[in-house]
$ cat my_file-v9.csv   # CSV, C-alpha atoms
chain,number,residue,atom,x,y,z
A,198,MET,CA,23.4,-26.5,-33.8
A,199,ASN,CA,24.2,-27.8,-30.4
A,200,MET,CA,22.0,-28.9,-27.5
A,201,THR,CA,22.2,-25.7,-25.4
A,202,ASP,CA,21.0,-23.5,-28.3
A,203,LEU,CA,18.1,-25.8,-29.0
A,204,ILE,CA,17.0,-25.7,-25.3
A,205,LEU,CA,17.3,-21.9,-25.2
A,206,ILE,CA,15.3,-21.5,-28.5
A,207,ILE,CA,12.5,-23.8,-27.3
A,208,SER,CA,12.2,-22.0,-24.0
A,209,MET,CA,12.2,-18.6,-25.7
A,210,ILE,CA,9.4,-19.7,-28.0
A,211,PHE,CA,7.4,-21.1,-25.1
A,212,LEU,CA,7.9,-17.9,-23.1
A,213,SER,CA,6.7,-15.7,-26.1
A,214,ILE,CA,3.5,-17.8,-26.4
A,215,THR,CA,2.8,-17.3,-22.7
A,216,ILE,CA,3.4,-13.5,-23.1
A,217,ILE,CA,0.8,-13.4,-25.8
A,218,PHE,CA,-1.7,-15.0,-23.5
A,219,CYS,CA,-0.9,-12.5,-20.8
A,220,LEU,CA,-1.4,-9.7,-23.3
A,221,LEU,CA,-4.8,-11.2,-24.0
A,222,ARG,CA,-5.6,-11.0,-20.3
A,223,ALA,CA,-4.5,-7.4,-20.2
A,224,ALA,CA,-6.8,-6.6,-23.2
A,225,LEU,CA,-9.8,-8.5,-21.8
A,226,GLY,CA,-9.4,-7.8,-18.1
A,227,PRO,CA,-12.7,-6.4,-16.8
A,228,ARG,CA,-11.1,-4.3,-14.1
A,229,MET,CA,-8.1,-2.0,-14.1
A,230,THR,CA,-6.2,-4.1,-11.6
A,231,ASP,CA,-6.5,-7.1,-13.9
A,232,ARG,CA,-4.5,-5.2,-16.5
A,233,LEU,CA,-2.0,-4.1,-13.9
A,234,VAL,CA,-1.4,-7.7,-12.8
A,235,ALA,CA,-1.0,-8.8,-16.4
A,236,VAL,CA,1.5,-5.9,-17.1
A,237,ASN,CA,3.5,-6.9,-14.0
A,238,ILE,CA,3.7,-10.5,-15.2
A,239,ILE,CA,4.6,-9.5,-18.7
A,240,SER,CA,7.5,-7.4,-17.4
A,241,ILE,CA,8.9,-10.2,-15.4
A,242,LYS,CA,8.6,-12.6,-18.4
A,243,GLY,CA,10.3,-9.9,-20.5
A,244,VAL,CA,13.3,-9.9,-18.1
A,245,VAL,CA,13.6,-13.6,-18.3
A,246,LEU,CA,13.3,-13.5,-22.1
A,247,ILE,CA,16.1,-10.9,-22.2
A,248,LEU,CA,18.3,-13.2,-20.0
A,249,LEU,CA,17.6,-16.2,-22.2
A,250,MET,CA,18.4,-14.1,-25.3
A,251,GLY,CA,21.7,-13.0,-23.8
A,252,ALA,CA,22.6,-16.6,-23.0
A,253,TYR,CA,21.8,-17.6,-26.6
A,254,LEU,CA,23.8,-14.8,-28.2
A,255,HIS,CA,26.8,-15.2,-25.6
A,256,ASP,CA,26.6,-11.5,-24.9
A,257,ASN,CA,27.0,-10.3,-21.4
A,258,GLN,CA,25.6,-6.8,-22.1
A,259,PHE,CA,22.1,-8.2,-22.0
A,260,MET,CA,22.5,-8.8,-18.2
A,261,ASP,CA,22.8,-5.0,-17.7
A,262,ILE,CA,19.7,-4.4,-19.8
A,263,ALA,CA,17.8,-7.0,-17.8
A,264,LEU,CA,19.0,-5.4,-14.5
A,265,VAL,CA,17.8,-2.0,-15.5
A,266,TYR,CA,14.5,-3.4,-16.9
A,267,VAL,CA,13.7,-5.0,-13.5
A,268,LEU,CA,13.9,-1.7,-11.7
A,269,LEU,CA,12.1,0.2,-14.4
A,270,SER,CA,9.2,-2.1,-14.6
A,271,PHE,CA,8.8,-2.1,-10.8
A,272,LEU,CA,8.8,1.7,-11.0
A,273,ALA,CA,6.2,1.7,-13.7
A,274,VAL,CA,3.8,-0.5,-11.6
A,275,VAL,CA,4.4,1.6,-8.5
A,276,CYS,CA,3.7,4.9,-10.3
A,277,LEU,CA,0.5,3.5,-11.9
A,278,ALA,CA,-0.6,2.2,-8.5
A,279,ARG,CA,0.1,5.5,-6.8
A,280,ASN,CA,-1.8,7.4,-9.4
A,281,MET,CA,-4.8,5.1,-9.1
A,282,LEU,CA,-4.8,5.3,-5.3
A,283,THR,CA,-4.7,9.1,-5.2
A,284,LYS,CA,-7.5,9.2,-7.8
A,285,ALA,CA,-9.7,6.8,-5.7
A,286,ALA,CA,-9.0,8.9,-2.6
A,287,ARG,CA,-10.0,12.1,-4.3
A,288,LYS,CA,-13.2,10.6,-5.7
A,289,GLU,CA,-14.2,9.3,-2.2
A,290,LYS,CA,-13.5,12.7,-0.7
A,291,GLU,CA,-15.7,14.4,-3.3
A,292,GLU,CA,-18.5,12.0,-2.7
A,293,THR,CA,-18.5,12.5,1.1
A,294,ASP,CA,-18.4,16.3,0.6
A,295,GLY,CA,-21.3,16.0,-1.8
A,296,THR,CA,-23.5,14.1,0.6
A,297,VAL,CA,-22.7,16.4,3.5
B,1298,MET,CA,31.0,-32.4,-16.6
B,1299,GLU,CA,29.6,-30.4,-19.5
B,1300,LEU,CA,26.8,-32.9,-20.0
B,1301,PHE,CA,26.0,-32.8,-16.3
B,1302,LYS,CA,25.9,-29.0,-16.3
B,1303,LEU,CA,23.6,-29.1,-19.4
B,1304,ILE,CA,21.2,-31.5,-17.9
B,1305,VAL,CA,20.9,-29.8,-14.5
B,1306,GLY,CA,20.6,-26.3,-16.1
B,1307,SER,CA,17.9,-27.5,-18.5
B,1308,VAL,CA,16.0,-29.2,-15.7
B,1309,PHE,CA,15.9,-25.9,-13.8
B,1310,ILE,CA,14.9,-23.9,-16.9
B,1311,PHE,CA,12.1,-26.2,-17.8
B,1312,THR,CA,10.8,-26.2,-14.3
B,1313,GLY,CA,10.7,-22.4,-14.3
B,1314,LEU,CA,9.0,-22.4,-17.7
B,1315,PHE,CA,6.4,-24.9,-16.4
B,1316,ILE,CA,5.6,-22.6,-13.5
B,1317,PHE,CA,5.3,-19.7,-15.9
B,1318,GLY,CA,2.8,-21.7,-18.0
B,1319,VAL,CA,0.8,-22.6,-14.9
B,1320,ALA,CA,0.7,-18.9,-13.9
B,1321,THR,CA,-0.7,-18.0,-17.3
B,1322,ILE,CA,-3.3,-20.7,-17.1
B,1323,GLY,CA,-4.2,-19.5,-13.6
B,1324,LEU,CA,-4.7,-16.0,-14.9
B,1325,PHE,CA,-7.6,-17.4,-17.1
B,1326,ARG,CA,-9.0,-20.0,-14.7
B,1327,PHE,CA,-9.6,-17.9,-11.6
B,1328,ARG,CA,-12.4,-15.4,-11.6
B,1329,TYR,CA,-11.5,-12.5,-9.3
B,1330,VAL,CA,-8.6,-10.2,-9.2
B,1331,LEU,CA,-7.3,-11.1,-5.7
B,1332,ASN,CA,-7.2,-14.8,-6.6
B,1333,ARG,CA,-5.4,-14.0,-9.8
B,1334,ILE,CA,-2.7,-12.1,-8.0
B,1335,HIS,CA,-2.0,-15.2,-5.9
B,1336,VAL,CA,-1.4,-17.4,-8.8
B,1337,ALA,CA,0.4,-14.9,-11.0
B,1338,ALA,CA,2.7,-12.8,-9.0
B,1339,LYS,CA,3.9,-15.6,-6.7
B,1340,CYS,CA,4.4,-18.3,-9.2
B,1341,ASP,CA,6.3,-15.8,-11.2
B,1342,SER,CA,8.9,-15.0,-8.5
B,1343,LEU,CA,9.8,-18.6,-8.0
B,1344,ALA,CA,9.9,-19.2,-11.8
B,1345,ALA,CA,12.2,-16.3,-12.3
B,1346,LEU,CA,14.5,-17.7,-9.6
B,1347,PHE,CA,14.5,-21.1,-11.2
B,1348,VAL,CA,15.3,-19.8,-14.7
B,1349,CYS,CA,18.2,-17.6,-13.2
B,1350,VAL,CA,19.6,-20.6,-11.4
B,1351,GLY,CA,19.3,-22.7,-14.6
B,1352,LEU,CA,21.1,-20.0,-16.6
B,1353,MET,CA,23.9,-19.9,-14.0
B,1354,PHE,CA,24.8,-23.5,-15.0
B,1355,PHE,CA,25.1,-22.4,-18.7
B,1356,SER,CA,27.6,-19.6,-18.1
B,1357,SER,CA,31.2,-20.3,-17.4
B,1358,SER,CA,32.8,-17.1,-16.1
B,1359,PRO,CA,32.0,-15.8,-12.5
B,1360,GLY,CA,30.8,-12.3,-13.6
B,1361,PRO,CA,27.5,-13.3,-15.2
B,1362,ILE,CA,26.8,-15.7,-12.4
B,1363,ILE,CA,26.9,-12.9,-9.8
B,1364,LYS,CA,24.9,-10.6,-12.0
B,1365,LEU,CA,22.2,-13.3,-12.3
B,1366,ALA,CA,22.1,-13.6,-8.5
B,1367,VAL,CA,21.7,-9.8,-8.2
B,1368,ILE,CA,18.8,-9.8,-10.8
B,1369,ALA,CA,17.1,-12.6,-8.8
B,1370,CYS,CA,17.5,-10.6,-5.6
B,1371,PHE,CA,16.0,-7.5,-7.2
B,1372,ILE,CA,13.0,-9.5,-8.5
B,1373,TRP,CA,12.5,-10.9,-5.0
B,1374,LEU,CA,12.6,-7.5,-3.4
B,1375,THR,CA,10.4,-5.7,-5.9
B,1376,ASN,CA,7.7,-8.3,-6.7
B,1377,PRO,CA,6.0,-8.4,-3.3
B,1378,VAL,CA,5.8,-4.7,-3.1
B,1379,ALA,CA,4.1,-4.5,-6.5
B,1380,SER,CA,1.6,-7.2,-5.7
B,1381,HIS,CA,0.9,-5.7,-2.4
B,1382,LEU,CA,0.1,-2.3,-4.0
B,1383,VAL,CA,-2.2,-4.0,-6.6
B,1384,SER,CA,-4.1,-5.8,-3.8
B,1385,LYS,CA,-4.4,-2.6,-1.8
B,1386,ILE,CA,-5.9,-0.7,-4.8
B,1387,GLU,CA,-8.3,-3.6,-5.4
B,1388,VAL,CA,-9.5,-3.5,-1.7
B,1389,GLU,CA,-9.9,0.2,-1.7
B,1390,THR,CA,-11.7,0.7,-5.0
B,1391,ASN,CA,-13.8,-2.5,-5.4
B,1392,GLU,CA,-17.5,-1.9,-4.3
B,1393,ASN,CA,-18.6,-5.5,-4.2
B,1394,LEU,CA,-15.7,-7.0,-2.4
B,1395,GLU,CA,-18.0,-8.9,-0.1
B,1396,ASP,CA,-19.3,-11.1,-2.9
B,1397,GLU,CA,-15.8,-12.1,-3.9
B,1398,CYS,CA,-14.3,-13.1,-0.6
B,1399,LYS,CA,-15.1,-13.4,3.1
B,1400,VAL,CA,-14.0,-10.2,4.8
B,1401,GLU,CA,-13.4,-10.7,8.5
B,1402,GLU,CA,-11.9,-7.3,9.4
B,1403,LEU,CA,-10.8,-4.3,7.4
B,1404,PRO,CA,-8.5,-1.4,8.2
C,301,MET,CA,26.6,-0.5,3.8
C,302,PRO,CA,29.5,1.3,2.0
C,303,ILE,CA,31.2,-2.0,1.5
C,304,LEU,CA,28.0,-3.5,0.0
C,305,LEU,CA,27.6,-0.5,-2.4
C,306,PHE,CA,31.3,-0.8,-3.5
C,307,LEU,CA,30.9,-4.6,-4.1
C,308,LEU,CA,27.7,-3.8,-6.2
C,309,TRP,CA,29.7,-1.3,-8.2
C,310,LEU,CA,32.4,-3.9,-8.9
C,311,VAL,CA,29.8,-6.5,-9.9
C,312,PHE,CA,28.2,-4.0,-12.4
C,313,ASN,CA,31.5,-3.2,-14.0
C,314,GLU,CA,32.7,-6.9,-14.2
C,315,ARG,CA,36.4,-5.8,-14.2
C,316,ILE,CA,38.9,-4.4,-11.6
C,317,THR,CA,41.0,-1.6,-12.9
C,318,ALA,CA,42.4,1.6,-11.3
C,319,ASP,CA,39.9,4.0,-12.8
C,320,VAL,CA,36.9,1.8,-11.9
C,321,ILE,CA,38.1,1.6,-8.3
C,322,ILE,CA,38.8,5.4,-8.0
C,323,THR,CA,35.4,6.3,-9.4
C,324,GLY,CA,33.7,3.7,-7.2
C,325,VAL,CA,35.4,5.0,-4.0
C,326,ILE,CA,34.3,8.6,-4.8
C,327,ALA,CA,30.8,7.6,-5.6
C,328,VAL,CA,30.5,5.5,-2.5
C,329,LEU,CA,31.8,8.3,-0.3
C,330,ILE,CA,29.3,10.7,-1.7
C,331,LEU,CA,26.5,8.2,-1.2
C,332,THR,CA,27.5,7.4,2.3
C,333,TRP,CA,27.5,11.1,3.2
C,334,PHE,CA,24.1,11.5,1.6
C,335,LEU,CA,22.7,8.5,3.5
C,336,SER,CA,24.1,9.7,6.9
C,337,ARG,CA,22.7,13.2,6.2
C,338,PHE,CA,19.2,12.3,5.0
C,339,GLY,CA,18.7,8.5,5.3
C,340,GLY,CA,19.4,8.0,9.0
C,341,TRP,CA,22.4,5.8,8.4
C,342,SER,CA,25.0,5.4,11.1
C,343,LEU,CA,27.9,3.0,11.8
C,344,LYS,CA,26.2,1.6,14.9
C,345,ARG,CA,23.1,0.7,13.0
C,346,ASP,CA,25.2,-1.0,10.4
C,347,GLY,CA,26.9,-3.1,13.0
C,348,GLN,CA,23.5,-4.2,14.4
C,349,PHE,CA,22.4,-5.3,11.0
C,350,ALA,CA,25.7,-7.0,10.2
C,351,ALA,CA,25.4,-9.1,13.4
C,352,ARG,CA,22.2,-10.6,12.1
C,353,ILE,CA,23.5,-11.8,8.7
C,354,PRO,CA,23.8,-15.5,9.7
C,355,ALA,CA,20.3,-15.5,11.1
C,356,PHE,CA,19.1,-13.8,8.0
C,357,ILE,CA,20.6,-16.4,5.7
C,358,GLY,CA,18.8,-19.1,7.7
C,359,PHE,CA,15.6,-17.1,7.3
C,360,VAL,CA,16.0,-16.9,3.5
C,361,ILE,CA,16.7,-20.6,3.2
C,362,ASN,CA,13.6,-21.4,5.3
C,363,LEU,CA,11.6,-18.9,3.1
C,364,ILE,CA,12.6,-20.6,-0.1
C,365,ILE,CA,11.7,-24.1,1.3
C,366,GLU,CA,8.3,-22.8,2.4
C,367,MET,CA,7.8,-21.2,-1.0
C,368,CYS,CA,8.4,-24.4,-2.9
C,369,ILE,CA,6.0,-26.3,-0.7
C,370,ALA,CA,3.3,-23.7,-1.1
C,371,ASN,CA,3.9,-23.4,-4.8
C,372,ILE,CA,3.3,-27.1,-5.3
C,373,HIS,CA,0.0,-26.7,-3.5
C,374,MET,CA,-0.8,-23.7,-5.7
C,375,ILE,CA,0.0,-25.5,-8.9
C,376,ALA,CA,-2.3,-28.4,-7.8
C,377,LEU,CA,-5.0,-25.8,-7.1
C,378,VAL,CA,-4.7,-24.2,-10.5
C,379,LEU,CA,-4.8,-27.5,-12.4
C,380,SER,CA,-7.7,-29.0,-10.4
C,381,ASP,CA,-11.1,-29.4,-11.9
C,382,LYS,CA,-13.0,-26.5,-10.6
C,383,PRO,CA,-10.6,-23.9,-9.2
C,384,ASN,CA,-13.2,-21.3,-8.5
C,385,GLU,CA,-15.4,-23.6,-6.4
C,386,SER,CA,-12.6,-25.3,-4.4
C,387,ILE,CA,-11.1,-22.1,-2.9
C,388,ARG,CA,-12.5,-20.0,-0.1
C,389,PRO,CA,-10.7,-16.6,-0.1
C,390,ALA,CA,-10.9,-14.4,3.0
C,391,ILE,CA,-9.3,-11.3,4.4
C,392,VAL,CA,-8.1,-12.0,8.0
C,393,LYS,CA,-6.4,-9.9,10.6
C,394,HIS,CA,-3.1,-11.4,11.9
C,395,LYS,CA,-1.7,-10.1,15.1
C,396,THR,CA,2.1,-9.8,15.3
C,397,PRO,CA,4.3,-8.9,18.3
C,398,LEU,CA,6.9,-7.3,16.0
C,399,LYS,CA,7.7,-3.8,17.2
C,400,THR,CA,10.1,-2.2,14.7
C,401,SER,CA,9.0,-1.1,11.2
C,402,VAL,CA,11.9,-3.1,9.6
C,403,GLY,CA,10.6,-6.3,11.2
C,404,ARG,CA,7.1,-5.6,10.2
C,405,VAL,CA,8.1,-4.9,6.6
C,406,ALA,CA,10.2,-8.1,6.4
C,407,LEU,CA,7.2,-10.0,7.8
C,408,ALA,CA,4.8,-8.4,5.2
C,409,ASN,CA,7.2,-9.1,2.4
C,410,SER,CA,7.7,-12.7,3.3
C,411,ILE,CA,4.0,-13.2,3.7
C,412,THR,CA,3.4,-11.8,0.2
C,413,LEU,CA,6.2,-13.9,-1.2
C,414,THR,CA,4.7,-17.1,0.1
C,415,PRO,CA,2.0,-18.3,-2.4
C,416,GLY,CA,-1.5,-18.3,-1.1
C,417,THR,CA,-1.3,-15.2,1.1
C,418,ILE,CA,-1.0,-11.5,0.3
C,419,THR,CA,-0.5,-8.6,2.7
C,420,VAL,CA,-3.2,-6.0,2.1
C,421,ASP,CA,-2.3,-3.5,4.7
C,422,VAL,CA,0.0,-3.1,7.7
C,423,GLY,CA,-1.2,-1.7,10.9
C,424,ASP,CA,0.4,-0.9,14.2
C,425,ASN,CA,0.4,-4.4,15.8
C,426,CYS,CA,-1.2,-6.4,13.1
C,427,VAL,CA,-1.1,-7.2,9.3
C,428,TYR,CA,-4.2,-7.7,7.2
C,429,VAL,CA,-3.8,-10.7,5.0
C,430,HIS,CA,-5.8,-12.1,2.1
C,431,ALA,CA,-5.6,-15.9,2.2
C,432,ILE,CA,-6.8,-18.0,-0.6
C,433,ASP,CA,-8.0,-21.1,1.3
C,434,GLU,CA,-7.9,-22.9,4.7
C,435,ARG,CA,-4.5,-24.3,4.2
C,436,ALA,CA,-2.9,-20.9,3.6
C,437,ARG,CA,-4.6,-19.5,6.7
C,438,LYS,CA,-3.3,-22.4,8.8
C,439,SER,CA,0.2,-22.0,7.5
C,440,LEU,CA,0.0,-18.3,8.4
C,441,GLU,CA,-0.9,-19.1,12.0
C,442,ASN,CA,1.9,-21.5,12.8
C,443,SER,CA,4.7,-20.4,10.6
C,444,SER,CA,8.3,-20.6,11.8
C,445,LEU,CA,9.3,-17.5,9.9
C,446,GLU,CA,7.7,-15.1,12.3
C,447,ASN,CA,9.5,-16.7,15.3
C,448,LYS,CA,12.8,-16.3,13.5
C,449,LEU,CA,12.0,-12.6,12.8
C,450,ILE,CA,11.1,-12.1,16.5
C,451,ASN,CA,14.4,-13.6,17.5
C,452,MET,CA,16.3,-11.4,15.1
C,453,GLU,CA,14.5,-8.3,16.3
C,454,LYS,CA,15.8,-8.5,19.8
C,455,GLY,CA,18.1,-5.7,20.7
C,456,LEU,CA,17.5,-3.7,17.6
$ encode --input "my_file-v9.csv" --output "structure tokens"
Amino acid sequence: MNMTDLILIISMIFLSITIIFCLLRAALGPRMTDRLVAVNIISIKGVVLILLMGAYLHDNQFMDIALVYVLLSFLAVVCLARNMLTKAARKEKEETDGTV
Amino acid sequence: MELFKLIVGSVFIFTGLFIFGVATIGLFRFRYVLNRIHVAAKCDSLAALFVCVGLMFFSSSPGPIIKLAVIACFIWLTNPVASHLVSKIEVETNENLEDECKVEELP
Amino acid sequence: MPILLFLLWLVFNERITADVIITGVIAVLILTWFLSRFGGWSLKRDGQFAARIPAFIGFVINLIIEMCIANIHMIALVLSDKPNESIRPAIVKHKTPLKTSVGRVALANSITLTPGTITVDVGDNCVYVHAIDERARKSLENSSLENKLINMEKGL
């Protein structure tokens, strides 16, 4: 076992532990936005984890997976945000209609 | 040369991992969502850049190096948009925003 | 823009052979037609952006340096004794003289990338910024990034 593999394994283990704590935040988070922030961070950490894994296994295909995963996770956050924004706008509209 | 590459790459990677750890601590130590976004999303973008630069030193051929640069560019382009959207939702839906931060002017 | 798309295609493939090049050229031509038809792309606009590449590289280097400085401050804030008591978050309105939408989006993105400040909304001649403490607010007022963007925007 050479030095590079040791460094990569240590960093992967550390990253996994921080991902578990982020999941805890996503589970605890009192508000919906808390969970959204946690999910965003988990996705970025997942990308970095995939990159480290690719360097450890000497496989360049992992780079393509990471590239697609960046864009997909961004799309997921944007879709969720869009959905929540329209929901909030509709609720507000109903409330104002009700009072008038 | 190999030793030099190894040392520089590992220094970059461990710096990035340290920032990731700080971001995770910050998620638990700050109280309100808007403050958490600050710590989390921002530290993350710099940390991802650091880890990508560190991994560039580990790879030998030019193909993966350019791909890592492209991945870092994508993260830098997409991350601010995501955190901006989250903050916008928070401002629009939170009822007791005034308790959490001083609001000077709102759209 | 077509050259950029073609280079991206080559980077994704990691090898240069005849079939890759032919497929890439066809795909890039279709995309360019699509962009000029629906995306408002033209050769003149491309030239305008290409003339600003050196200024843009300087801008990015400046941004990375500012990010590192602000990140060190942020890490100190997180690891301090009482993080919740030592910060004073506020939403402020920041006036900007930038006219074009491209410039305003670039300013908003760079504000969001710098730790300590988030863009909440973008108006006609101002951006609404959430700043975490006094220091972030001061750095927002006298940042060199905005001046660089104003210089780059001239003649666009």
$ atom_distance --input "my_file-v9.csv" --atom1 "atom CA of Glu446 of chain C" --atom2 "atom CA of Glu1387 of chain B"
26.5 Å
$ interface_residues --input "my_file-v9.csv" --of "chain C" --to "chain A" --cutoff "12 Å" --atoms "all atoms listed in the file" --output "NGL selection string"
:C and (311-314)
$ closest_residue --input "my_file-v9.csv" --among "B:Gly1313, B:Gly1306, B:Gly1318, B:Gly1323" --to "chain A" --atoms "all atoms listed in the file"
B:Gly1318
$ interface_residues --input "my_file-v9.csv" --of "chain B" --to "chain A" --cutoff "8 Å" --atoms "all atoms listed in the file" --output "PyMOL selection string"
chain B and resi 1303+1307+1310-1311+1314+1317-1318+1321+1324-1325+1330+1334+1337-1338+1341+1345+1348-1349+1352+1355-1356+1361+1364-1365+1368+1371-1372+1375-1376+1379-1380+1382-1383+1386-1387+1389-1390
$ closest_residue --input "my_file-v9.csv" --among "B:Ile1322, B:Val1350, B:Val1305, B:Met1298" --to "chain C" --atoms "only C-alpha atoms"
B:Ile1322
$ closest_atom_pairs --input "my_file-v9.csv" --of "chain C" --to "chain B" --cutoff "9 Å" --atoms "all atoms listed in the file" --output "Markdown table"
| residue | atom | partner | partner_atom | distance |
| --- | --- | --- | --- | --- |
| C:Leu308 | CA | B:Val1367 | CA | 8.7 |
| C:Val311 | CA | B:Lys1364 | CA | 6.7 |
| C:Phe312 | CA | B:Lys1364 | CA | 7.4 |
| C:Glu314 | CA | B:Gly1360 | CA | 5.8 |
| C:Arg315 | CA | B:Gly1360 | CA | 8.6 |
| C:Ile364 | CA | B:Leu1343 | CA | 8.6 |
| C:Met367 | CA | B:Leu1343 | CA | 7.7 |
| C:Cys368 | CA | B:Leu1343 | CA | 7.8 |
| C:Asn371 | CA | B:Cys1340 | CA | 6.8 |
| C:Met374 | CA | B:Val1336 | CA | 7.0 |
| C:Ile375 | CA | B:Val1319 | CA | 6.7 |
| C:Val378 | CA | B:Gly1323 | CA | 5.7 |
| C:Leu379 | CA | B:Val1319 | CA | 7.8 |
| C:Lys382 | CA | B:Arg1326 | CA | 8.7 |
| C:Pro383 | CA | B:Phe1327 | CA | 6.5 |
| C:Asn384 | CA | B:Phe1327 | CA | 5.8 |
| C:Arg388 | CA | B:Cys1398 | CA | 7.1 |
| C:Pro389 | CA | B:Cys1398 | CA | 5.0 |
| C:Ala390 | CA | B:Lys1399 | CA | 4.3 |
| C:Ile391 | CA | B:Val1400 | CA | 4.8 |
| C:Val392 | CA | B:Glu1401 | CA | 5.5 |
| C:Lys393 | CA | B:Glu1402 | CA | 6.2 |
| C:Ala408 | CA | B:Pro1377 | CA | 8.6 |
| C:Asn409 | CA | B:Pro1377 | CA | 5.9 |
| C:Ser410 | CA | B:Pro1377 | CA | 8.1 |
| C:Ile411 | CA | B:Pro1377 | CA | 8.7 |
| C:Thr412 | CA | B:Pro1377 | CA | 5.5 |
| C:Leu413 | CA | B:Pro1377 | CA | 5.9 |
| C:Thr414 | CA | B:Lys1339 | CA | 7.0 |
| C:Pro415 | CA | B:Lys1339 | CA | 5.4 |
| C:Gly416 | CA | B:His1335 | CA | 5.7 |
| C:Thr417 | CA | B:His1335 | CA | 7.0 |
| C:Ile418 | CA | B:His1381 | CA | 6.7 |
| C:Thr419 | CA | B:His1381 | CA | 6.0 |
| C:Val420 | CA | B:Lys1385 | CA | 5.3 |
| C:Asp421 | CA | B:Lys1385 | CA | 6.9 |
| C:Val422 | CA | B:Pro1404 | CA | 8.7 |
| C:Gly423 | CA | B:Pro1404 | CA | 7.8 |
| C:Tyr428 | CA | B:Leu1403 | CA | 7.4 |
| C:His430 | CA | B:Leu1331 | CA | 8.0 |
| C:Ala431 | CA | B:His1335 | CA | 8.9 |
| C:Ile432 | CA | B:Asn1332 | CA | 6.8 |
$ atom_distance --input "my_file-v9.csv" --atom1 "atom CA of Ala1366 of chain B" --atom2 "atom CA of Phe1354 of chain B"
12.1 Å
$ atom_distance --input "my_file-v9.csv" --atom1 "atom CA of Val1308 of chain B" --atom2 "atom CA of Phe1347 of chain B"
9.4 Å
$ residues_around --input "my_file-v9.csv" --residues "Phe356 of chain C" --least-positions-apart "2" --cutoff "12 Å" --atoms "only C-alpha atoms" --output "MDAnalysis selection string"
chainID C and resid 349:354 358:363 403 406 445 448:453
